[in-house]
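Note: the block below is work.txt and it holds compact mmCIF, C-alpha atoms.
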# COMPACT_ATOMS: atom_id res chain seq x y z
CA MET A 1 4.28 -80.04 -102.09
CA LYS A 2 7.08 -77.66 -101.49
CA ARG A 3 4.69 -74.77 -101.99
CA LYS A 4 2.34 -76.24 -99.43
CA VAL A 5 5.07 -76.69 -96.93
CA GLN A 6 6.09 -73.05 -97.31
CA ILE A 7 2.56 -71.83 -96.79
CA MET A 8 2.25 -73.84 -93.57
CA TYR A 9 5.56 -72.53 -92.35
CA HIS A 10 4.53 -68.96 -92.85
CA LYS A 11 1.28 -69.59 -91.03
CA ASN A 12 3.03 -71.24 -88.09
CA ALA A 13 5.70 -68.54 -88.00
CA GLY A 14 3.04 -65.88 -87.40
CA VAL A 15 1.61 -67.91 -84.57
CA PHE A 16 5.05 -68.40 -83.10
CA ARG A 17 5.77 -64.67 -83.33
CA ARG A 18 2.53 -63.78 -81.60
CA LEU A 19 3.16 -66.38 -78.96
CA PHE A 20 6.70 -65.14 -78.41
CA CYS A 21 5.53 -61.55 -78.13
CA GLY A 22 2.93 -62.58 -75.57
CA ILE A 23 5.52 -64.42 -73.55
CA MET A 24 7.85 -61.42 -73.64
CA ILE A 25 5.14 -59.00 -72.59
CA SER A 26 4.15 -61.27 -69.70
CA ALA A 27 7.77 -61.50 -68.65
CA MET A 28 8.09 -57.73 -68.69
CA VAL A 29 4.95 -57.28 -66.62
CA CYS A 30 6.18 -59.83 -64.13
CA THR A 31 9.56 -58.22 -63.80
CA GLN A 32 7.92 -54.80 -63.23
CA THR A 33 5.37 -55.97 -60.61
CA VAL A 34 7.94 -57.04 -58.05
CA PRO A 35 9.53 -53.56 -57.62
CA VAL A 36 6.07 -51.88 -57.26
CA PHE A 37 5.10 -54.18 -54.39
CA ALA A 38 8.48 -53.69 -52.72
CA THR A 39 8.28 -49.90 -52.95
CA SER A 40 4.77 -49.79 -51.44
CA LYS A 41 5.83 -51.88 -48.46
CA ALA A 42 8.90 -49.73 -47.78
CA GLU A 43 6.81 -46.56 -47.92
CA LYS A 44 4.35 -48.01 -45.47
CA GLU A 45 7.11 -49.01 -43.09
CA LYS A 46 8.60 -45.53 -43.40
CA GLN A 47 5.25 -43.89 -42.57
CA GLU A 48 4.77 -46.13 -39.57
CA ALA A 49 8.28 -45.32 -38.33
CA GLN A 50 7.61 -41.58 -38.75
CA LYS A 51 4.34 -41.92 -36.87
CA LYS A 52 6.07 -43.66 -33.98
CA LEU A 53 8.77 -40.97 -33.96
CA ASN A 54 6.14 -38.22 -33.87
CA GLU A 55 4.36 -39.95 -31.00
CA ALA A 56 7.65 -40.30 -29.11
CA ASN A 57 8.44 -36.61 -29.69
CA LYS A 58 4.95 -35.63 -28.51
CA GLN A 59 5.32 -37.71 -25.37
CA ALA A 60 8.72 -36.17 -24.72
CA GLN A 61 7.28 -32.66 -25.24
CA ASP A 62 4.31 -33.43 -22.97
CA ALA A 63 6.71 -34.66 -20.31
CA ALA A 64 8.82 -31.51 -20.67
CA ASN A 65 5.71 -29.32 -20.48
CA LYS A 66 4.53 -31.11 -17.36
CA LYS A 67 7.96 -30.71 -15.81
CA ASN A 68 8.03 -27.00 -16.63
CA ALA A 69 4.48 -26.60 -15.35
CA ALA A 70 5.42 -28.34 -12.12
CA GLN A 71 8.52 -26.16 -11.75
CA ASN A 72 6.48 -23.03 -12.46
CA GLN A 73 3.86 -24.16 -9.98
CA VAL A 74 6.47 -24.70 -7.29
CA SER A 75 8.11 -21.38 -8.13
CA LYS A 76 4.76 -19.54 -7.97
CA LEU A 77 3.89 -21.36 -4.78
CA THR A 78 7.12 -20.20 -3.16
CA THR A 79 6.53 -16.65 -4.40
CA ASP A 80 2.94 -16.57 -3.13
CA LEU A 81 3.88 -18.07 0.22
CA THR A 82 6.79 -15.65 0.61
CA ALA A 83 4.58 -12.64 -0.18
CA LEU A 84 1.89 -13.67 2.31
CA LEU A 85 4.37 -14.61 5.02
CA SER A 86 6.24 -11.33 4.52
CA ASP A 87 3.07 -9.27 4.78
CA ILE A 88 2.01 -11.14 7.90
CA LYS A 89 5.44 -10.67 9.48
CA VAL A 90 5.48 -6.94 8.74
CA LEU A 91 1.92 -6.60 9.99
CA GLU A 92 2.83 -8.37 13.21
CA ASN A 93 5.72 -5.95 13.72
CA ASP A 94 3.51 -2.95 12.95
CA MET A 95 0.85 -4.20 15.34
CA ALA A 96 3.44 -4.72 18.09
CA ASN A 97 4.75 -1.18 17.56
CA LYS A 98 1.21 0.20 17.49
CA GLU A 99 0.48 -1.59 20.75
CA LYS A 100 3.44 0.22 22.32
CA GLU A 101 2.21 3.52 20.90
CA ILE A 102 -1.24 2.90 22.34
CA LYS A 103 0.23 2.21 25.79
CA GLN A 104 2.37 5.35 25.58
CA ALA A 105 -0.58 7.43 24.37
CA GLU A 106 -2.69 6.05 27.21
CA SER A 107 0.03 6.97 29.72
CA ASP A 108 0.43 10.47 28.25
CA TYR A 109 -3.31 10.96 28.31
CA GLN A 110 -3.62 9.93 31.95
CA GLU A 111 -0.73 12.20 32.99
CA ALA A 112 -2.26 15.12 31.12
CA LYS A 113 -5.62 14.41 32.77
CA LYS A 114 -3.98 14.53 36.21
CA GLU A 115 -2.31 17.85 35.39
CA GLU A 116 -5.60 19.21 34.08
CA GLU A 117 -7.36 18.20 37.28
CA LYS A 118 -4.61 19.75 39.38
CA GLN A 119 -4.79 23.05 37.51
CA TYR A 120 -8.57 23.01 37.60
CA LEU A 121 -8.61 22.61 41.39
CA ALA A 122 -6.08 25.44 41.76
CA MET A 123 -8.16 27.75 39.56
CA LYS A 124 -11.34 26.69 41.33
CA LYS A 125 -9.81 27.59 44.69
CA ARG A 126 -8.62 30.93 43.31
CA ILE A 127 -12.05 31.77 41.88
CA GLN A 128 -13.72 30.71 45.13
CA TYR A 129 -11.39 32.98 47.09
CA MET A 130 -12.11 35.95 44.80
CA TYR A 131 -15.85 35.27 45.01
CA GLU A 132 -15.78 35.14 48.80
CA LYS A 133 -13.85 38.41 48.85
CA GLY A 134 -16.54 39.98 46.71
CA ASP A 135 -14.15 40.42 43.78
CA THR A 136 -12.89 43.65 45.43
CA GLU A 137 -9.35 42.56 46.08
CA TYR A 138 -7.75 44.74 43.42
CA MET A 139 -9.81 47.83 44.45
CA ASP A 140 -9.10 47.35 48.16
CA ILE A 141 -5.38 47.35 47.47
CA PHE A 142 -5.56 50.70 45.71
CA LEU A 143 -7.77 52.24 48.43
CA GLN A 144 -5.08 51.47 51.01
CA VAL A 145 -2.27 53.41 49.29
CA LYS A 146 -0.43 56.05 51.33
CA ASP A 147 1.52 57.94 48.71
CA MET A 148 2.59 57.87 45.07
CA SER A 149 5.47 55.52 45.73
CA ASP A 150 3.14 53.13 47.55
CA LEU A 151 0.65 53.42 44.67
CA LEU A 152 3.29 52.44 42.13
CA ASN A 153 4.38 49.51 44.23
CA LYS A 154 0.79 48.30 44.70
CA ALA A 155 0.04 48.81 41.01
CA GLU A 156 3.01 46.62 40.18
CA TYR A 157 1.78 44.06 42.68
CA VAL A 158 -1.74 44.07 41.24
CA GLU A 159 -0.34 43.68 37.74
CA GLY A 160 1.64 40.68 38.97
CA ILE A 161 -1.51 39.10 40.43
CA TYR A 162 -3.42 39.77 37.21
CA THR A 163 -0.60 38.33 35.12
CA TYR A 164 -0.46 35.25 37.36
CA ASP A 165 -4.21 34.69 37.05
CA ARG A 166 -4.03 35.11 33.30
CA LYS A 167 -1.08 32.70 33.00
CA MET A 168 -2.98 30.15 35.07
CA LEU A 169 -5.94 30.43 32.72
CA VAL A 170 -3.79 30.18 29.60
CA LYS A 171 -1.89 27.21 31.01
CA PHE A 172 -5.15 25.50 31.93
CA GLN A 173 -6.48 26.04 28.40
CA GLU A 174 -3.26 24.66 26.93
CA THR A 175 -3.44 21.62 29.20
CA LYS A 176 -7.05 20.97 28.20
CA GLN A 177 -6.02 21.13 24.55
CA GLN A 178 -3.12 18.80 25.24
CA VAL A 179 -5.50 16.34 26.90
CA ALA A 180 -7.80 16.53 23.88
CA ASP A 181 -4.85 15.97 21.52
CA TYR A 182 -3.65 12.98 23.52
CA LYS A 183 -7.15 11.57 23.47
CA ASP A 184 -7.37 12.05 19.70
CA ASP A 185 -3.97 10.38 19.26
CA LEU A 186 -5.08 7.48 21.41
CA GLU A 187 -8.30 7.04 19.46
CA GLU A 188 -6.40 7.26 16.17
CA ASP A 189 -3.94 4.60 17.34
CA LYS A 190 -6.81 2.32 18.33
CA ASN A 191 -8.54 2.88 14.98
CA GLU A 192 -5.35 2.05 13.11
CA MET A 193 -4.91 -1.07 15.20
CA GLU A 194 -8.48 -2.08 14.38
CA VAL A 195 -7.91 -1.93 10.62
CA MET A 196 -4.53 -3.68 10.93
CA GLU A 197 -6.26 -6.52 12.77
CA LEU A 198 -8.79 -6.75 9.92
CA GLU A 199 -5.97 -6.85 7.37
CA TYR A 200 -4.05 -9.37 9.46
CA LYS A 201 -7.04 -11.73 9.64
CA ASP A 202 -7.53 -11.41 5.88
CA GLN A 203 -3.87 -12.21 5.18
CA LYS A 204 -3.94 -15.18 7.55
CA LYS A 205 -7.08 -16.49 5.86
CA GLN A 206 -5.43 -16.23 2.43
CA LEU A 207 -2.37 -18.08 3.74
CA GLU A 208 -4.43 -20.86 5.29
CA THR A 209 -6.41 -21.30 2.06
CA LEU A 210 -3.23 -21.41 -0.03
CA ILE A 211 -1.61 -23.96 2.27
CA ALA A 212 -4.69 -26.19 2.31
CA THR A 213 -4.94 -26.12 -1.49
CA LYS A 214 -1.29 -26.57 -2.38
CA LYS A 215 -0.66 -29.35 0.11
CA LYS A 216 -2.78 -31.57 -2.11
CA GLU A 217 -1.09 -30.46 -5.34
CA VAL A 218 2.60 -30.19 -4.46
CA SER A 219 4.44 -33.26 -3.18
CA ASN A 220 7.33 -31.38 -1.52
CA PHE A 221 5.13 -28.68 -0.02
CA ASP A 222 6.80 -28.66 3.40
CA SER A 223 10.20 -27.89 1.90
CA GLN A 224 8.67 -25.12 -0.20
CA LEU A 225 7.01 -23.64 2.89
CA ALA A 226 10.32 -23.73 4.76
CA GLN A 227 12.05 -21.96 1.87
CA ALA A 228 9.29 -19.35 1.74
CA LYS A 229 9.75 -18.61 5.45
CA LYS A 230 13.48 -18.07 4.93
CA ASP A 231 12.79 -15.76 1.99
CA ALA A 232 10.21 -13.88 4.05
CA ASP A 233 12.75 -13.29 6.83
CA LEU A 234 15.29 -11.93 4.33
CA TYR A 235 12.62 -9.69 2.82
CA ALA A 236 11.67 -8.39 6.26
CA GLN A 237 15.30 -7.46 6.90
CA THR A 238 15.43 -5.57 3.59
CA VAL A 239 12.21 -3.75 4.48
CA ALA A 240 13.64 -2.81 7.88
CA LYS A 241 16.71 -1.23 6.26
CA LYS A 242 14.57 0.63 3.76
CA ASN A 243 12.32 2.01 6.49
CA GLU A 244 15.34 3.14 8.49
CA GLU A 245 16.22 5.30 5.49
CA ILE A 246 12.61 6.50 5.36
CA ARG A 247 12.75 7.35 9.08
CA LYS A 248 15.76 9.57 8.45
CA THR A 249 13.92 11.22 5.58
CA LYS A 250 10.93 11.76 7.85
CA GLU A 251 13.09 13.40 10.51
CA GLU A 252 14.53 15.73 7.90
CA GLU A 253 11.02 16.57 6.69
CA ALA A 254 9.93 17.25 10.28
CA ARG A 255 12.91 19.52 10.83
CA LYS A 256 12.14 21.53 7.70
CA LYS A 257 8.46 21.69 8.59
CA ALA A 258 9.22 22.91 12.13
CA ALA A 259 11.58 25.56 10.76
CA GLU A 260 8.93 26.73 8.28
CA GLN A 261 6.25 26.87 10.97
CA ALA A 262 8.58 28.81 13.28
CA ARG A 263 9.27 31.29 10.48
CA LYS A 264 5.57 31.71 9.77
CA LYS A 265 4.80 32.13 13.46
CA ALA A 266 7.51 34.77 13.80
CA GLU A 267 6.02 36.64 10.86
CA GLU A 268 2.55 36.37 12.40
CA ASP A 269 3.77 37.59 15.79
CA ALA A 270 5.54 40.51 14.14
CA ARG A 271 2.39 41.37 12.22
CA LYS A 272 0.27 41.29 15.38
CA LYS A 273 2.79 43.39 17.25
CA ALA A 274 2.84 45.96 14.47
CA ALA A 275 -0.95 46.06 14.44
CA SER A 276 -1.01 46.45 18.23
CA ASN A 277 1.52 49.30 18.11
CA THR A 278 -0.65 51.21 15.65
CA GLY A 279 -3.72 50.62 17.80
CA SER A 280 -5.54 48.84 15.04
CA ARG A 281 -6.86 45.34 14.66
CA SER A 282 -6.08 43.60 11.39
CA THR A 283 -9.09 42.18 9.60
CA ASN A 284 -7.08 40.51 6.86
CA ASN A 285 -7.14 36.77 7.41
CA ASN A 286 -5.07 35.99 4.32
CA ASN A 287 -1.82 36.26 6.26
CA LYS A 288 -2.82 33.71 8.85
CA TYR A 289 -0.73 30.55 8.55
CA SER A 290 -2.66 27.35 8.98
CA GLY A 291 0.02 24.85 7.97
CA PRO A 292 0.03 22.68 4.85
CA SER A 293 -3.42 22.44 3.30
CA ALA A 294 -4.86 18.98 2.82
CA SER A 295 -7.42 20.20 0.27
CA LYS A 296 -4.84 20.25 -2.53
CA SER A 297 -1.77 18.20 -3.34
CA THR A 298 1.63 19.81 -3.82
CA GLY A 299 4.64 19.08 -6.04
CA GLY A 300 5.12 16.44 -8.71
CA THR A 301 3.43 16.45 -12.09
CA ALA A 302 0.11 18.03 -13.07
CA GLN A 303 -1.40 14.60 -13.85
CA GLY A 304 -0.19 13.14 -10.56
CA ARG A 305 -1.70 16.07 -8.65
CA SER A 306 -4.97 15.56 -10.53
CA VAL A 307 -5.13 11.96 -9.26
CA ALA A 308 -4.31 13.00 -5.68
CA ASP A 309 -6.76 15.93 -5.73
CA TYR A 310 -9.52 13.70 -7.08
CA GLY A 311 -8.93 11.31 -4.19
CA LEU A 312 -9.07 14.19 -1.72
CA GLN A 313 -12.62 14.97 -2.83
CA PHE A 314 -13.83 11.86 -1.01
CA VAL A 315 -12.28 12.64 2.39
CA GLY A 316 -14.89 11.99 5.07
CA ASN A 317 -16.70 9.24 3.18
CA PRO A 318 -17.05 5.87 4.95
CA TYR A 319 -14.67 2.91 5.09
CA VAL A 320 -16.25 -0.46 4.34
CA PHE A 321 -14.10 -3.59 4.36
CA GLY A 322 -14.44 -5.20 0.91
CA GLY A 323 -16.29 -2.15 -0.46
CA THR A 324 -15.54 -0.35 -3.74
CA SER A 325 -17.80 2.73 -3.67
CA LEU A 326 -15.94 6.02 -3.27
CA THR A 327 -19.11 7.62 -1.91
CA ASN A 328 -20.98 4.87 -0.05
CA GLY A 329 -18.05 2.91 1.35
CA THR A 330 -14.77 1.37 0.25
CA ASP A 331 -11.66 -0.24 1.65
CA CYS A 332 -8.11 0.92 0.93
CA SER A 333 -7.52 -0.96 -2.32
CA GLY A 334 -11.04 -0.27 -3.55
CA PHE A 335 -10.38 3.44 -2.98
CA VAL A 336 -7.13 3.37 -4.99
CA GLN A 337 -8.73 1.31 -7.75
CA GLY A 338 -11.72 3.66 -7.99
CA VAL A 339 -9.61 6.83 -8.08
CA TYR A 340 -7.36 5.50 -10.84
CA ARG A 341 -10.30 4.11 -12.80
CA HIS A 342 -11.58 7.68 -13.11
CA PHE A 343 -8.41 8.48 -15.11
CA GLY A 344 -8.62 5.41 -17.35
CA TYR A 345 -6.22 3.11 -15.44
CA SER A 346 -7.20 -0.49 -14.70
CA LEU A 347 -5.60 -1.54 -11.42
CA PRO A 348 -5.92 -4.93 -9.66
CA ARG A 349 -8.38 -5.24 -6.78
CA SER A 350 -6.20 -6.20 -3.82
CA SER A 351 -3.52 -4.09 -2.14
CA SER A 352 -0.93 -6.86 -2.55
CA GLU A 353 -1.55 -6.98 -6.32
CA GLN A 354 -1.50 -3.19 -6.58
CA ARG A 355 1.95 -3.29 -5.02
CA SER A 356 3.34 -4.66 -8.30
CA VAL A 357 1.87 -2.06 -10.69
CA GLY A 358 3.87 0.79 -12.19
CA ALA A 359 7.53 1.35 -11.35
CA GLU A 360 9.31 1.32 -7.99
CA VAL A 361 10.60 4.70 -6.75
CA PRO A 362 12.34 5.67 -3.47
CA TYR A 363 10.17 7.24 -0.80
CA SER A 364 12.42 10.30 -0.89
CA GLU A 365 11.30 10.86 -4.50
CA ALA A 366 7.58 10.22 -3.91
CA GLN A 367 5.22 12.53 -5.82
CA PRO A 368 1.46 13.16 -5.65
CA GLY A 369 -0.39 10.27 -7.27
CA ASP A 370 2.20 7.65 -6.27
CA LEU A 371 0.98 4.60 -4.38
CA ILE A 372 2.32 4.14 -0.84
CA CYS A 373 2.15 0.41 -0.10
CA TYR A 374 2.00 -1.23 3.32
CA ALA A 375 1.37 -4.80 4.47
CA GLY A 376 -2.31 -5.32 3.68
CA HIS A 377 -2.89 -1.60 3.10
CA ILE A 378 -2.35 1.12 0.47
CA GLY A 379 -2.82 4.87 0.02
CA ILE A 380 -2.21 7.69 -2.47
CA TYR A 381 0.59 10.18 -1.81
CA ILE A 382 -0.46 13.86 -1.88
CA GLY A 383 2.84 15.55 -0.98
CA ASN A 384 4.29 17.01 2.25
CA GLY A 385 4.73 13.50 3.69
CA GLN A 386 0.98 12.84 3.61
CA ILE A 387 -1.38 10.34 2.00
CA VAL A 388 -5.11 10.15 1.37
CA HIS A 389 -6.49 6.69 2.06
CA ALA A 390 -9.47 4.69 3.25
CA SER A 391 -8.13 4.39 6.76
CA SER A 392 -10.48 2.55 9.11
CA PRO A 393 -14.17 1.98 9.90
CA ALA A 394 -13.98 4.74 12.53
CA THR A 395 -12.23 7.42 10.44
CA GLY A 396 -13.23 6.55 6.87
CA ILE A 397 -11.36 8.18 3.99
CA LYS A 398 -8.89 10.65 5.47
CA VAL A 399 -5.55 12.38 5.15
CA GLY A 400 -2.71 10.96 7.24
CA THR A 401 1.05 10.74 7.61
CA ALA A 402 2.67 8.53 4.96
CA THR A 403 5.16 6.99 7.39
CA TYR A 404 2.62 5.99 10.03
CA ARG A 405 3.31 2.34 9.19
CA THR A 406 6.09 0.30 7.64
CA ILE A 407 6.31 1.20 3.94
CA LEU A 408 6.90 -1.80 1.69
CA SER A 409 7.01 -0.01 -1.64
CA VAL A 410 6.30 3.25 -3.46
CA ARG A 411 4.84 2.69 -6.92
CA ARG A 412 4.55 5.26 -9.72
CA VAL A 413 1.73 4.43 -12.10
CA ILE A 414 1.78 7.76 -13.94
CA GLN A 415 5.18 8.31 -15.56

Transcribe the structure of this file into structure tokens.
Amino acid sequence: MKRKVQIMYHKNAGVFRRLFCGIMISAMVCTQTVPVFATSKAEKEKQEAQKKLNEANKQAQDAANKKNAAQNQVSKLTTDLTALLSDIKVLENDMANKEKEIKQAESDYQEAKKEEEKQYLAMKKRIQYMYEKGDTEYMDIFLQVKDMSDLLNKAEYVEGIYTYDRKMLVKFQETKQQVADYKDDLEEDKNEMEVMELEYKDQKKQLETLIATKKKEVSNFDSQLAQAKKDADLYAQTVAKKNEEIRKTKEEEARKKAAEQARKKAEEDARKKAASNTGSRSTNNNNKYSGPSASKSTGGTAQGRSVADYGLQFVGNPYVFGGTSLTNGTDCSGFVQGVYRHFGYSLPRSSSEQRSVGAEVPYSEAQPGDLICYAGHIGIYIGNGQIVHASSPATGIKVGTATYRTILSVRRVIQ
């Protein structure tokens, strides 16, 4: 009996141990499951919080970008408006000055025409008188001499008449040339006014387009326009001061040029006098002074002269507003762009954009190849105070005086 009880105990003990182990294992699993669920939920909440933070940061960055874009837009708007308004203001001043020059040239031309007519009538009367006298006046005087003393007196008198007639002829020829020069100046002024009017219309059109576009995009457009006008006025004042300095430089250049021409003329007169004294006529034309040559540039660097000289090859070719062909027709900025393209430089298309290329230099230091920038116009400096540029529909590509209009900037593309 005791043995039987022991056997049953051992059997039940094994069951109890297995049952206890199962209960313990279940308890362990249960105690471990709770932390796993808690950790997963916290991680999810953390990820959601990070996502919301990222979205908030993105929205903040987008807002900052939009603000910066708006500020940049307003800033660019003010800059563009100022540039256009400044060009228009300078062009208006240049056109007003050119109008005065045209009136003065017209007055000078009319006065010269009157003087030419007056001299012509005097010469006509003189010729008529000589014709009616049979052109024997000089001979009759000599046939009436009484003695040697009378002959000398009459010879002196005849020489005086001859000198007077010759002076009248020379003066008449000079007056005719003066009339022709005044007429050329008048035509040149009118041609320059024509191209300035074209440029003015183009600038006004750009301004009107910009205003119409930006009024829809910028809420405080009127205040920006007002600010641009103030900036344009300040810029115009700066340009006026700069051109006063250029005017002084021009006067100094003119003085030096006049002195050089006077020296050359004195040398030429001395050469002619020497040739006359020896009774010979010089056949050497190499000594003849013809002023600064426009066929080649002078001064500066070899590369700059190459650019200027290349541009000079197209002198005489036509001007076409909006054109880009150096041979068949181009406008001022198309001419500059085409010349520089030949040397591997890529310049913007418009004259206002070309005004920002390269580096700014004073006009007093301008060298061949530099860009001389005006309001709505541009040319290439060739030295001696001259430029080559696509001037106007009437004159085409030509050489002209660099200071013929208000200079806004001198840009050096080739360093």

Choose the residue, out of A:Ala42, A:Ile380, A:Val320, A:Val218, that has the smallest atom-to-atom separation from Gly396 (chain A); count all atoms listed in the file.
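For Gly396 (chain A), the nearest of the candidates is A:Val320.
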
Can you work out the spacing between CA of Ile246 (chain A) and CA of Gly385 (chain A) in Å, to one decimal?
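Separation between CA of Ile246 (chain A) and CA of Gly385 (chain A): 10.7 Å.
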
Distance CA of Gly316 (chain A)-CA of Ala390 (chain A), one decimal place?
9.3 Å

Report, in Å with one decimal, the straight-line distance from CA of Asn317 (chain A) to CA of Gly338 (chain A).
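Computing it gives 13.4 Å between the two atoms.
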
Which polymer residues have any atom within 8 Å of an atom of Tyr340 (chain A), counting all atoms listed in the file, with same-chain residues fewer than 6 positions away left out, as number ranges by chain?
A: 307, 346-347
